[in-house]
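Next comes start17.cif, with mmCIF, C-alpha atoms and all ligand atoms.
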```cif
data_input
loop_
_atom_site.label_atom_id
_atom_site.label_comp_id
_atom_site.auth_asym_id
_atom_site.auth_seq_id
_atom_site.Cartn_x
_atom_site.Cartn_y
_atom_site.Cartn_z
CA MET A 423 -16.86 -5.35 19.41
CA THR A 424 -19.26 -4.49 16.66
CA ASP A 425 -22.16 -6.19 14.84
CA VAL A 426 -20.66 -5.45 11.45
CA CYS A 427 -17.12 -4.60 10.44
CA VAL A 428 -16.85 -2.96 7.01
CA VAL A 429 -13.37 -3.14 5.51
CA GLY A 430 -13.00 -0.23 3.07
CA GLY A 431 -14.36 3.26 3.62
CA GLY A 432 -14.89 4.28 -0.02
CA PRO A 433 -18.36 5.10 -1.40
CA ALA A 434 -19.54 1.48 -1.17
CA GLY A 435 -18.27 0.84 2.36
CA LEU A 436 -19.59 4.12 3.77
CA ALA A 437 -22.98 3.69 2.07
CA THR A 438 -23.23 0.15 3.48
CA ALA A 439 -22.27 1.32 6.96
CA ILE A 440 -24.90 4.08 6.83
CA ALA A 441 -27.56 1.66 5.57
CA ILE A 442 -26.82 -0.91 8.31
CA ARG A 443 -26.82 1.77 11.02
CA ARG A 444 -30.25 2.87 9.82
CA HIS A 445 -31.43 -0.70 10.49
CA GLY A 446 -30.04 -0.43 14.02
CA GLY A 447 -26.82 -2.49 13.90
CA SER A 448 -23.50 -1.26 15.29
CA VAL A 449 -20.94 -0.73 12.51
CA THR A 450 -17.21 -0.09 12.34
CA VAL A 451 -15.52 0.98 9.10
CA ILE A 452 -11.81 0.26 8.70
CA ASP A 453 -9.75 1.79 5.90
CA CYS A 454 -6.04 1.80 5.16
CA SER A 455 -6.13 5.43 3.92
CA THR A 456 -7.11 8.74 5.48
CA PRO A 457 -10.01 10.88 4.26
CA PRO A 458 -10.88 12.59 2.07
CA ILE A 459 -9.91 9.63 -0.13
CA ASN A 460 -9.28 10.40 -3.78
CA LYS A 461 -9.54 8.02 -6.72
CA PRO A 462 -9.57 8.38 -10.51
CA CYS A 463 -13.24 8.68 -11.38
CA GLY A 464 -15.49 10.40 -13.93
CA GLU A 465 -17.23 12.00 -10.92
CA GLY A 466 -20.69 11.73 -12.46
CA LEU A 467 -23.63 10.51 -10.42
CA MET A 468 -26.51 9.36 -12.60
CA PRO A 469 -30.04 10.35 -11.44
CA ASP A 470 -30.57 6.82 -10.10
CA SER A 471 -27.37 7.21 -7.99
CA VAL A 472 -28.79 10.38 -6.49
CA THR A 473 -32.06 8.55 -5.74
CA ALA A 474 -30.20 5.56 -4.28
CA LEU A 475 -28.27 7.92 -1.99
CA ARG A 476 -31.47 9.69 -0.96
CA ASP A 477 -33.02 6.29 -0.15
CA LEU A 478 -30.06 5.66 2.15
CA GLY A 479 -30.83 8.95 3.89
CA VAL A 480 -27.90 10.78 2.26
CA ALA A 481 -29.13 14.10 0.92
CA LEU A 482 -26.77 15.92 -1.42
CA PRO A 483 -26.68 19.66 -0.59
CA ALA A 484 -27.90 21.86 -3.48
CA ASN A 485 -24.47 23.44 -3.99
CA ILE A 486 -22.39 20.26 -3.80
CA GLY A 487 -21.59 19.97 -7.51
CA PHE A 488 -23.15 20.61 -10.89
CA ASN A 489 -26.59 19.47 -12.04
CA LEU A 490 -26.32 17.31 -15.17
CA ARG A 491 -29.27 17.35 -17.54
CA GLY A 492 -28.45 14.38 -19.72
CA ILE A 493 -25.86 12.69 -21.89
CA ARG A 494 -24.35 13.53 -25.26
CA PHE A 495 -22.52 11.04 -27.49
CA ALA A 496 -20.25 12.44 -30.19
CA ASP A 497 -17.64 11.42 -32.71
CA LYS A 498 -15.95 13.46 -35.46
CA ARG A 499 -19.06 13.36 -37.66
CA SER A 500 -22.14 12.92 -35.49
CA SER A 501 -23.57 14.04 -32.21
CA VAL A 502 -26.70 13.04 -30.33
CA CYS A 503 -28.01 13.96 -26.90
CA ALA A 504 -30.94 13.27 -24.61
CA GLN A 505 -32.11 14.51 -21.25
CA PHE A 506 -32.35 12.19 -18.28
CA PRO A 507 -35.98 11.09 -17.97
CA ASN A 508 -35.84 10.90 -14.17
CA GLY A 509 -34.43 14.15 -12.82
CA VAL A 510 -30.87 15.36 -12.88
CA GLY A 511 -27.55 13.69 -12.36
CA ILE A 512 -24.79 15.41 -10.37
CA GLY A 513 -21.16 15.98 -11.23
CA VAL A 514 -19.23 16.17 -7.96
CA ARG A 515 -15.56 15.98 -7.00
CA ARG A 516 -14.74 12.59 -5.61
CA THR A 517 -13.12 14.07 -2.48
CA VAL A 518 -16.18 16.27 -1.83
CA LEU A 519 -18.52 13.28 -2.10
CA HIS A 520 -16.25 11.24 0.15
CA ALA A 521 -16.15 13.98 2.82
CA LEU A 522 -19.96 14.17 2.72
CA LEU A 523 -20.34 10.40 3.13
CA VAL A 524 -17.85 10.37 6.04
CA GLN A 525 -19.81 13.17 7.72
CA GLN A 526 -23.13 11.35 7.25
CA ALA A 527 -21.64 8.10 8.56
CA GLN A 528 -20.37 9.93 11.63
CA ASP A 529 -23.76 11.59 12.17
CA VAL A 530 -25.57 8.23 12.26
CA GLY A 531 -23.04 6.75 14.69
CA VAL A 532 -20.71 4.67 12.50
CA GLN A 533 -17.30 4.08 14.15
CA MET A 534 -14.45 4.74 11.74
CA ILE A 535 -10.82 3.64 11.92
CA TRP A 536 -8.57 5.23 9.29
CA ASN A 537 -4.99 4.56 8.32
CA ALA A 538 -5.42 0.94 9.45
CA LYS A 539 -2.63 -1.18 7.96
CA GLY A 540 -2.39 -4.96 7.74
CA VAL A 541 -6.12 -5.73 7.90
CA ARG A 542 -6.88 -9.46 7.89
CA LEU A 543 -10.07 -11.47 7.97
CA ARG A 544 -10.58 -13.89 10.87
CA ASP A 545 -13.45 -16.18 11.85
CA ASP A 546 -14.36 -13.88 14.74
CA GLY A 547 -13.85 -10.53 13.00
CA VAL A 548 -10.96 -8.59 11.52
CA LEU A 549 -7.37 -8.19 12.66
CA ILE A 550 -5.73 -4.77 12.32
CA GLY A 551 -2.08 -5.50 12.82
CA ARG A 552 -2.29 -7.31 16.19
CA ASP A 553 -5.59 -5.77 17.36
CA LEU A 554 -8.84 -7.63 16.87
CA CYS A 555 -12.07 -5.92 15.84
CA ARG A 556 -14.54 -8.61 16.90
CA ALA A 557 -17.56 -8.70 14.60
CA ASP A 558 -20.50 -10.99 13.85
CA PHE A 559 -20.37 -10.08 10.22
CA VAL A 560 -17.69 -8.70 7.88
CA VAL A 561 -18.26 -6.68 4.70
CA GLY A 562 -15.47 -6.48 2.13
CA ALA A 563 -15.73 -3.02 0.53
CA ASP A 564 -12.02 -2.75 -0.17
CA GLY A 565 -12.22 -2.05 -3.88
CA GLN A 566 -10.97 -3.72 -7.06
CA ASN A 567 -8.04 -5.54 -5.40
CA SER A 568 -10.03 -6.67 -2.39
CA GLN A 569 -8.03 -8.65 0.15
CA ILE A 570 -11.19 -9.62 2.00
CA ARG A 571 -12.49 -11.20 -1.23
CA ARG A 572 -9.34 -13.28 -1.48
CA GLN A 573 -9.19 -14.19 2.21
CA ALA A 574 -12.89 -15.19 2.23
CA GLY A 575 -12.35 -17.44 -0.78
CA LEU A 576 -14.79 -15.43 -2.91
CA GLY A 577 -12.30 -14.65 -5.66
CA ARG A 578 -13.64 -16.99 -8.34
CA VAL A 579 -14.26 -14.86 -11.41
CA ALA A 580 -17.04 -15.68 -13.86
CA LYS A 581 -15.98 -13.02 -16.37
CA GLU A 582 -13.37 -10.25 -16.50
CA ARG A 583 -12.21 -7.57 -18.94
CA ARG A 584 -9.69 -4.83 -18.26
CA ARG A 585 -9.15 -1.35 -19.69
CA TYR A 586 -7.29 1.73 -18.48
CA GLY A 587 -8.73 5.03 -17.27
CA PHE A 588 -6.99 8.37 -16.73
CA ARG A 589 -8.57 11.51 -15.30
CA ARG A 590 -7.70 15.18 -14.95
CA HIS A 591 -9.63 18.31 -13.88
CA TYR A 592 -9.77 21.55 -15.88
CA ARG A 593 -10.86 25.07 -14.94
CA ILE A 594 -12.82 26.18 -17.97
CA ALA A 595 -16.00 28.02 -19.01
CA LEU A 596 -18.64 25.29 -19.33
CA TRP A 597 -20.05 24.72 -22.79
CA SER A 598 -22.72 22.18 -21.85
CA GLU A 599 -24.93 20.96 -19.03
CA TYR A 600 -24.62 17.41 -20.36
CA MET A 601 -22.13 14.66 -19.61
CA GLU A 602 -20.32 14.00 -22.86
CA LEU A 603 -18.92 10.77 -24.21
CA HIS A 604 -16.61 11.33 -27.18
CA TRP A 605 -15.86 8.22 -29.23
CA GLY A 606 -12.44 7.98 -30.85
CA PRO A 607 -10.32 5.37 -32.61
CA ARG A 608 -8.21 4.50 -29.55
CA GLY A 609 -10.66 5.11 -26.71
CA GLN A 610 -13.39 7.26 -25.27
CA ALA A 611 -13.15 10.69 -23.64
CA TYR A 612 -15.76 11.32 -21.02
CA VAL A 613 -16.43 14.87 -19.79
CA THR A 614 -18.38 15.64 -16.60
CA PRO A 615 -19.10 19.23 -15.56
CA ILE A 616 -18.54 19.33 -11.79
CA ALA A 617 -18.87 23.10 -11.10
CA GLU A 618 -19.80 26.27 -13.05
CA ASP A 619 -16.18 26.55 -14.13
CA GLU A 620 -14.78 23.03 -13.75
CA ILE A 621 -14.88 19.73 -15.58
CA CYS A 622 -13.52 16.27 -14.94
CA LEU A 623 -12.06 14.60 -18.02
CA VAL A 624 -11.58 10.85 -18.19
CA MET A 625 -9.97 8.88 -21.02
CA ILE A 626 -10.71 5.17 -21.13
CA SER A 627 -8.94 2.82 -23.51
CA ARG A 628 -7.47 -0.62 -24.05
CA HIS A 629 -4.01 0.89 -24.41
CA LYS A 630 -1.94 0.75 -21.27
CA HIS A 631 0.48 3.43 -22.40
CA LEU A 632 -2.00 5.91 -23.86
CA ARG A 633 -2.01 9.10 -21.77
CA LEU A 634 -4.42 12.05 -21.88
CA GLU A 635 -2.26 14.44 -23.88
CA ASP A 636 -1.69 11.96 -26.67
CA ALA A 637 -5.23 10.57 -26.62
CA LEU A 638 -6.74 14.06 -26.89
CA LEU A 639 -5.27 14.34 -30.41
CA ASP A 640 -8.04 11.93 -31.46
CA PHE A 641 -10.68 14.45 -30.32
CA PRO A 642 -9.96 17.75 -32.13
CA GLU A 643 -13.22 19.48 -31.08
CA LEU A 644 -12.71 18.63 -27.41
CA ASN A 645 -8.99 19.37 -27.55
CA ARG A 646 -9.67 22.84 -29.01
CA ARG A 647 -12.11 23.59 -26.19
CA LEU A 648 -9.66 22.45 -23.52
CA THR A 649 -6.95 24.81 -24.78
CA SER A 650 -9.15 27.70 -23.55
CA GLY A 651 -9.00 26.24 -20.02
CA MET A 652 -6.33 25.23 -17.55
CA ALA A 653 -5.50 21.82 -16.09
CA ILE A 654 -5.90 22.08 -12.32
CA SER A 655 -5.04 18.55 -11.22
CA SER A 656 -2.45 16.03 -12.23
CA GLU A 657 -3.28 13.03 -14.36
CA MET A 658 -4.34 10.05 -12.24
CA GLY A 659 -4.78 6.56 -13.63
CA SER A 660 -6.53 3.36 -12.69
CA LEU A 661 -7.70 0.10 -14.15
CA SER A 662 -11.25 0.08 -15.41
CA ILE A 663 -12.37 -3.47 -14.76
CA SER A 664 -15.48 -5.27 -15.85
CA ARG A 665 -15.66 -8.22 -13.50
CA ARG A 666 -18.36 -10.66 -12.49
CA LEU A 667 -17.79 -12.98 -9.53
CA GLU A 668 -19.39 -16.36 -9.08
CA ARG A 669 -20.42 -15.50 -5.52
CA VAL A 670 -20.45 -12.30 -3.47
CA CYS A 671 -21.17 -13.72 -0.02
CA ARG A 672 -20.72 -16.75 2.15
CA ASP A 673 -21.18 -17.55 5.84
CA ARG A 674 -20.54 -14.26 7.66
CA VAL A 675 -18.81 -12.35 4.87
CA ALA A 676 -20.27 -10.32 2.00
CA LEU A 677 -18.69 -8.14 -0.66
CA VAL A 678 -20.00 -4.81 -1.88
CA GLY A 679 -18.97 -2.19 -4.46
CA ASP A 680 -15.94 -2.86 -6.68
CA ALA A 681 -14.82 -5.65 -4.33
CA SER A 682 -17.93 -7.55 -5.42
CA GLY A 683 -17.30 -7.08 -9.16
CA SER A 684 -17.56 -4.00 -11.33
CA VAL A 685 -18.67 -2.56 -14.64
CA ASP A 686 -16.45 -0.73 -17.13
CA ALA A 687 -16.07 2.98 -16.31
CA ILE A 688 -17.73 3.86 -19.62
CA THR A 689 -21.13 3.12 -18.03
CA GLY A 690 -20.68 5.72 -15.24
CA GLU A 691 -22.63 3.26 -13.10
CA GLY A 692 -20.07 2.10 -10.52
CA MET A 693 -21.22 4.24 -7.62
CA SER A 694 -24.89 3.82 -8.43
CA LEU A 695 -24.46 0.06 -8.24
CA SER A 696 -22.52 0.36 -4.99
CA PHE A 697 -25.27 2.40 -3.32
CA LYS A 698 -28.00 0.00 -4.45
CA GLN A 699 -25.96 -3.00 -3.29
CA ALA A 700 -25.45 -1.27 0.08
CA ALA A 701 -29.23 -1.02 0.61
CA ALA A 702 -29.77 -4.63 -0.47
CA LEU A 703 -27.00 -5.90 1.80
CA ALA A 704 -28.32 -3.96 4.80
CA SER A 705 -31.78 -5.43 4.40
CA ALA A 706 -30.40 -8.98 3.92
CA PHE A 707 -28.28 -8.46 7.04
CA CYS A 708 -31.39 -7.37 8.89
CA THR A 709 -33.49 -10.38 7.91
CA GLY A 710 -30.54 -12.74 8.33
CA LYS A 711 -31.07 -14.08 4.79
CA LEU A 712 -27.72 -13.44 3.19
CA ASN A 713 -28.63 -15.45 0.14
CA ASP A 714 -31.19 -12.72 -0.69
CA TYR A 715 -28.21 -10.42 -1.14
CA GLN A 716 -26.63 -12.79 -3.67
CA LYS A 717 -29.85 -12.70 -5.72
CA ALA A 718 -30.30 -8.93 -5.35
CA HIS A 719 -26.67 -8.40 -6.41
CA GLU A 720 -27.22 -10.42 -9.61
CA ARG A 721 -30.47 -8.54 -10.37
CA LEU A 722 -28.89 -5.12 -9.74
CA SER A 723 -25.88 -5.90 -11.95
CA SER A 724 -27.81 -7.24 -14.92
CA ARG A 725 -28.88 -3.95 -16.54
CA PRO A 726 -25.51 -2.16 -16.15
CA LEU A 727 -23.76 -5.27 -17.52
CA ALA A 728 -26.08 -5.35 -20.54
CA MET A 729 -25.52 -1.63 -21.22
CA GLU A 730 -21.78 -2.19 -20.82
CA SER A 731 -21.88 -4.94 -23.45
CA LEU A 732 -23.67 -2.64 -25.88
CA MET A 733 -21.15 0.15 -25.36
CA LEU A 734 -18.12 -2.11 -25.54
CA ALA A 735 -19.47 -3.62 -28.77
CA LEU A 736 -19.36 -0.08 -30.24
CA GLU A 737 -15.91 0.45 -28.78
CA ARG A 738 -14.46 -2.57 -30.54
CA ARG A 739 -15.57 -1.87 -34.10
CA GLN A 740 -14.85 1.58 -35.48
CA GLY A 741 -17.00 1.32 -38.60
CA PHE A 742 -19.94 -0.03 -36.62
CA GLN A 743 -19.45 2.73 -34.05
CA ARG A 744 -19.58 5.44 -36.74
CA ARG A 745 -22.70 3.96 -38.32
CA VAL A 746 -24.54 3.55 -35.02
CA LEU A 747 -23.72 7.11 -33.92
CA ALA A 748 -24.82 8.52 -37.27
CA SER A 749 -28.09 6.55 -37.08
CA LEU A 750 -28.74 7.59 -33.48
CA ALA A 751 -28.09 11.22 -34.45
CA SER A 752 -30.98 11.00 -36.88
CA HIS A 753 -33.18 9.07 -34.41
CA GLU A 754 -32.83 11.02 -31.17
CA GLY A 755 -35.91 9.26 -29.74
CA VAL A 756 -34.05 5.95 -29.82
CA PHE A 757 -31.09 7.49 -28.01
CA ALA A 758 -33.48 8.93 -25.40
CA ALA A 759 -35.08 5.48 -25.00
CA LEU A 760 -31.65 3.87 -24.56
CA LEU A 761 -30.75 6.47 -21.93
CA SER A 762 -34.01 5.73 -20.16
CA VAL A 763 -33.01 2.05 -19.94
CA HIS A 764 -29.50 3.01 -18.85
CA VAL A 765 -30.77 4.99 -15.84
CA GLY A 766 -33.31 2.32 -14.91
CA GLU A 767 -36.45 4.18 -15.94
CA SER A 768 -37.56 1.62 -18.51
CA SER A 769 -36.69 -1.94 -19.39
CA PHE A 770 -35.02 -3.53 -22.42
CA LEU A 771 -38.41 -5.00 -23.20
CA ASP A 772 -40.00 -1.52 -23.49
CA LEU A 773 -37.16 -0.52 -25.77
CA CYS A 774 -37.41 -3.52 -28.06
CA SER A 775 -41.17 -3.40 -28.29
CA TRP A 776 -41.53 -0.26 -30.30
CA ARG A 777 -38.37 1.78 -30.84
CA LEU A 778 -35.48 -0.55 -31.48
CA VAL A 779 -37.06 -2.79 -34.10
CA PRO A 780 -37.87 -0.03 -36.68
CA PHE A 781 -34.52 1.62 -35.90
CA GLY A 782 -32.72 -1.71 -36.45
CA LEU A 783 -34.48 -2.31 -39.74
CA LYS A 784 -33.56 1.17 -41.03
CA PHE A 785 -30.00 0.70 -39.77
CA LEU A 786 -29.62 -2.60 -41.62
CA ALA A 787 -31.13 -1.16 -44.79
CA ALA A 788 -28.81 1.89 -44.77
C1 LIG B 801 -11.58 5.79 -14.69
C2 LIG B 801 -12.84 5.54 -13.90
C3 LIG B 801 -13.92 6.41 -14.02
C4 LIG B 801 -15.10 6.15 -13.29
N1 LIG B 801 -16.15 7.01 -13.41
C5 LIG B 801 -17.28 6.81 -12.68
C6 LIG B 801 -18.37 7.74 -12.75
O1 LIG B 801 -18.32 8.76 -13.43
N2 LIG B 801 -19.48 7.46 -12.02
C7 LIG B 801 -19.58 6.34 -11.23
O2 LIG B 801 -20.62 6.14 -10.59
N3 LIG B 801 -18.55 5.46 -11.14
C8 LIG B 801 -17.41 5.67 -11.84
N4 LIG B 801 -16.37 4.80 -11.73
C9 LIG B 801 -16.49 3.63 -10.83
C10 LIG B 801 -16.33 4.04 -9.35
O3 LIG B 801 -15.18 4.82 -9.19
C11 LIG B 801 -16.25 2.79 -8.48
O4 LIG B 801 -17.29 1.92 -8.83
C12 LIG B 801 -16.35 3.17 -7.00
O5 LIG B 801 -15.21 3.86 -6.61
C13 LIG B 801 -16.49 1.90 -6.16
O6 LIG B 801 -16.40 2.26 -4.81
P1 LIG B 801 -15.80 1.26 -3.74
O7 LIG B 801 -16.06 1.89 -2.44
O8 LIG B 801 -16.30 -0.10 -4.02
O9 LIG B 801 -14.25 1.18 -4.05
P2 LIG B 801 -13.12 2.27 -3.82
O10 LIG B 801 -13.61 3.61 -4.16
O11 LIG B 801 -11.92 1.76 -4.53
O12 LIG B 801 -12.85 2.24 -2.25
C14 LIG B 801 -12.20 1.16 -1.64
C15 LIG B 801 -11.71 1.63 -0.27
O13 LIG B 801 -11.10 0.51 0.36
C16 LIG B 801 -9.89 0.91 0.94
N5 LIG B 801 -9.01 -0.26 0.98
C17 LIG B 801 -8.45 -0.91 -0.08
N6 LIG B 801 -7.72 -1.95 0.37
C18 LIG B 801 -7.82 -1.96 1.71
C19 LIG B 801 -7.29 -2.80 2.72
N7 LIG B 801 -6.49 -3.86 2.44
N8 LIG B 801 -7.57 -2.52 4.01
C20 LIG B 801 -8.38 -1.47 4.33
N9 LIG B 801 -8.92 -0.64 3.40
C21 LIG B 801 -8.65 -0.88 2.12
C22 LIG B 801 -9.38 2.04 0.05
O14 LIG B 801 -8.51 2.90 0.76
C23 LIG B 801 -10.68 2.73 -0.36
O15 LIG B 801 -11.03 3.76 0.52
C24 LIG B 801 -15.19 5.01 -12.45
C25 LIG B 801 -14.10 4.14 -12.34
C26 LIG B 801 -12.93 4.39 -13.05
C27 LIG B 801 -11.78 3.45 -12.93
#
```
As structure tokens, how would this structure be written, given the file I've shared?
Amino acid sequence: MTDVCVVGGGPAGLATAIAIRRHGGSVTVIDCSTPPINKPCGEGLMPDSVTALRDLGVALPANIGFNLRGIRFADKRSSVCAQFPNGVGIGVRRTVLHALLVQQAQDVGVQMIWNAKGVRLRDDGVLIGRDLCRADFVVGADGQNSQIRRQAGLGRVAKERRRYGFRRHYRIALWSEYMELHWGPRGQAYVTPIAEDEICLVMISRHKHLRLEDALLDFPELNRRLTSGMAISSEMGSLSISRRLERVCRDRVALVGDASGSVDAITGEGMSLSFKQAAALASAFCTGKLNDYQKAHERLSSRPLAMESLMLALERRQGFQRRVLASLASHEGVFAALLSVHVGESSFLDLCSWRLVPFGLKFLAA
């Protein structure tokens, strides 16, 4: 018996379990895999992710990964970068982050059941094979293909777009303390330093059959750098889904993380959103007003979804992409202001009021 049963022990499920435990409820996490759980990921935590984790009581040890100072955008002709306005981000191996979250969950008294097959939602809790985990409340944190979402009848999609992501790690001398997003004709390459001598490379594209080796031919500068390093993991792929659900909770069931909808991997915002949703869900659980979670979920998703739309608009039109990058390269302040919105330090309104309008006028006149 438990107050809350969380199905899925990835970043979202563990963060939710930790948050609920901090409010005093008993929590059991059930996952079909065994830790440390790996998943294709850019492995970058934005500064607001780090803050969201800290707010949940999860402190990242100083040596856990690599401190990221900001973001650089580049294509064959232009390059522009800006520092994060609100501290540093952290590049950290997915398995290392997962092990840390498992440890923290254990420390605060979360019960965890791993390698649990055949998990099914019931009115009085969750069935694991033939065993019942009786719970007052069930959280579906079981990722993109959530079964809990389907079984709870929360699968109605308001909007969905799919792309493909592939990642691989390289041992290499770092050339930058920035996360880099390289824009190419068939997709985007996204580089996150995760240690003094290690990077995580992700390629995201619309092309199902495009693999890293082939895609890298579109990025000669990056490709040249990588030849001085060595691949140290195998290529791992996943769907990168942008999905908005009509509802993320009902009765005694709520969804969190990718199970509750997701943003395209290009935003690097998936985990940040998950951690913020975890805090919102825990406080709604505490007050018993689940509908507050629905509203908080919509509010938390709105900025990442808007930034996603901007980035995917660049992705679709090559000529537009080139022009925007060239303009941003000569207006670094605008790029810094956009980054500030991206990491939640300022609003779209701040951006429009004084930076974007003159930039837009110059862009149109060019
Ligand atoms: C290519 C790519 C790059 C990305 N890069 C970044 C990045 O740089 N930064 C960032 O913040 N985000 C990034 N993201 C997004 C991020 O990976 C996700 O948002 C994040 O993993 C969501 O966590 P989650 O816990 O909701 O889901 P998951 O990590 O998918 O965890 C779901 C868990 O549920 C378990 N599970 C699944 N089905 C069942 C079942 N039936 N029964 C029991 N357990 C089950 C799984 O074993 C897993 O442990 C990226 C995504 C992609 C695809």
Report task. Go through A:Leu760, A:Leu475, A:Met658, A:Ala563 and flag the residue nearest ligand LIG 801 (chain B), using all atoms listed in the file for the distances. Result ->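 Using all atoms listed in the file, the shortest distance to ligand LIG 801 (chain B) belongs to A:Ala563.
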Query raised in the report: Quick one: distance from atom CA of Tyr715 of chain A to atom C20 of ligand LIG 801 (chain B) in Å, one decimal?
Result: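 Going from atom CA of Tyr715 of chain A over to atom C20 of ligand LIG 801 (chain B), I get 22.4 Å.
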Query - Minimum-distance residue to His604 of chain A, chosen among A:Leu639, A:Ala496, A:Gly741, A:Ser501 (using all atoms listed in the file) - result: A:Ala496
Query raised in the report: What does the distance from atom CA of Ser749 of chain A to atom CA of Tyr600 of chain A come to in Å, to one decimal?
Result: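 Going from atom CA of Ser749 of chain A over to atom CA of Tyr600 of chain A covers 20.2 Å.
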Requested in this report: Return the single residue from A:Gln526, A:Asp453, A:Asp686, A:Asp558 that is closest to Gly435 of chain A, with distances computed using all atoms listed in the file.
Outcome: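 Result for the nearest residue to Gly435 of chain A: A:Asp453.
Using all atoms listed in the file, the smallest distance between any of A:Ala574, A:Met601, A:Val502, A:Val510 and ligand LIG 801 (chain B) comes from A:Met601.
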Requested in this report: Would you please work out which residue, of A:Leu467, A:Ile493, A:Ala751, A:Val548, is nearest to Thr450 of chain A when using only C-alpha atoms?
Outcome: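 Result for the nearest residue to Thr450 of chain A: A:Val548.
What separates atom CA of Leu722 of chain A from atom CA of Asp680 of chain A is a distance of 13.5 Å.
Nearest residue to Phe488 of chain A among A:Thr614, A:Ser769, A:Asn645, A:Ser662 is A:Thr614, counting all atoms listed in the file.
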Report task. Take the point (-16.7, 9.0, -1.4) as written in the file and pick out every residue within 7 Å of it, counting all atoms listed in the file; give the list as a PyMOL selection string. Result -> chain A and resi 432-433+459+516-517+519-521+523
Query raised in the report: Got a sec: who's within 10 Å of Asp640 of chain A, counting all atoms listed in the file, leaving out chain neighbours fewer than 3 positions off, as a PyMOL selection string?
Result: chain A and resi 497-498+604-611+635-637+643-645
For segment 682-697 of chain A, which lacks atoms in the input, supply N, CA and C atoms and format the output as a PDB file, in the coordinates of the input.
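part_12.pdb, written as the output of this step:
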```pdb
ATOM      1  N   SER A 682     -16.965  -6.499  -5.076  1.00  0.00           N
ATOM      2  CA  SER A 682     -17.930  -7.550  -5.420  1.00  0.00           C
ATOM      3  C   SER A 682     -18.107  -7.709  -6.937  1.00  0.00           C
ATOM      4  N   GLY A 683     -17.187  -7.080  -7.697  1.00  0.00           N
ATOM      5  CA  GLY A 683     -17.300  -7.080  -9.160  1.00  0.00           C
ATOM      6  C   GLY A 683     -17.608  -5.663  -9.595  1.00  0.00           C
ATOM      7  N   SER A 684     -17.388  -5.394 -10.885  1.00  0.00           N
ATOM      8  CA  SER A 684     -17.560  -4.000 -11.330  1.00  0.00           C
ATOM      9  C   SER A 684     -17.924  -3.956 -12.800  1.00  0.00           C
ATOM     10  N   VAL A 685     -18.383  -2.772 -13.207  1.00  0.00           N
ATOM     11  CA  VAL A 685     -18.670  -2.560 -14.640  1.00  0.00           C
ATOM     12  C   VAL A 685     -17.643  -1.585 -15.195  1.00  0.00           C
ATOM     13  N   ASP A 686     -17.415  -1.635 -16.495  1.00  0.00           N
ATOM     14  CA  ASP A 686     -16.450  -0.730 -17.130  1.00  0.00           C
ATOM     15  C   ASP A 686     -16.847   0.719 -16.826  1.00  0.00           C
ATOM     16  N   ALA A 687     -15.823   1.574 -16.660  1.00  0.00           N
ATOM     17  CA  ALA A 687     -16.070   2.980 -16.310  1.00  0.00           C
ATOM     18  C   ALA A 687     -16.930   3.691 -17.344  1.00  0.00           C
ATOM     19  N   ILE A 688     -16.967   3.194 -18.564  1.00  0.00           N
ATOM     20  CA  ILE A 688     -17.730   3.860 -19.620  1.00  0.00           C
ATOM     21  C   ILE A 688     -19.223   3.974 -19.251  1.00  0.00           C
ATOM     22  N   THR A 689     -19.703   3.090 -18.389  1.00  0.00           N
ATOM     23  CA  THR A 689     -21.130   3.120 -18.030  1.00  0.00           C
ATOM     24  C   THR A 689     -21.439   4.237 -17.028  1.00  0.00           C
ATOM     25  N   GLY A 690     -20.433   4.717 -16.289  1.00  0.00           N
ATOM     26  CA  GLY A 690     -20.680   5.720 -15.240  1.00  0.00           C
ATOM     27  C   GLY A 690     -21.606   5.194 -14.158  1.00  0.00           C
ATOM     28  N   GLU A 691     -21.635   3.889 -13.974  1.00  0.00           N
ATOM     29  CA  GLU A 691     -22.630   3.260 -13.100  1.00  0.00           C
ATOM     30  C   GLU A 691     -22.038   2.687 -11.812  1.00  0.00           C
ATOM     31  N   GLY A 692     -20.705   2.789 -11.643  1.00  0.00           N
ATOM     32  CA  GLY A 692     -20.070   2.100 -10.520  1.00  0.00           C
ATOM     33  C   GLY A 692     -20.624   2.500  -9.163  1.00  0.00           C
ATOM     34  N   MET A 693     -20.766   3.803  -8.948  1.00  0.00           N
ATOM     35  CA  MET A 693     -21.220   4.240  -7.620  1.00  0.00           C
ATOM     36  C   MET A 693     -22.703   3.954  -7.429  1.00  0.00           C
ATOM     37  N   SER A 694     -23.454   4.118  -8.512  1.00  0.00           N
ATOM     38  CA  SER A 694     -24.890   3.820  -8.430  1.00  0.00           C
ATOM     39  C   SER A 694     -25.100   2.373  -7.975  1.00  0.00           C
ATOM     40  N   LEU A 695     -24.366   1.482  -8.617  1.00  0.00           N
ATOM     41  CA  LEU A 695     -24.460   0.060  -8.240  1.00  0.00           C
ATOM     42  C   LEU A 695     -24.082  -0.142  -6.779  1.00  0.00           C
ATOM     43  N   SER A 696     -22.985   0.509  -6.372  1.00  0.00           N
ATOM     44  CA  SER A 696     -22.520   0.360  -4.990  1.00  0.00           C
ATOM     45  C   SER A 696     -23.599   0.772  -3.996  1.00  0.00           C
ATOM     46  N   PHE A 697     -24.275   1.904  -4.275  1.00  0.00           N
ATOM     47  CA  PHE A 697     -25.270   2.400  -3.320  1.00  0.00           C
ATOM     48  C   PHE A 697     -26.486   1.461  -3.267  1.00  0.00           C
TER      49      PHE A 697
END
```
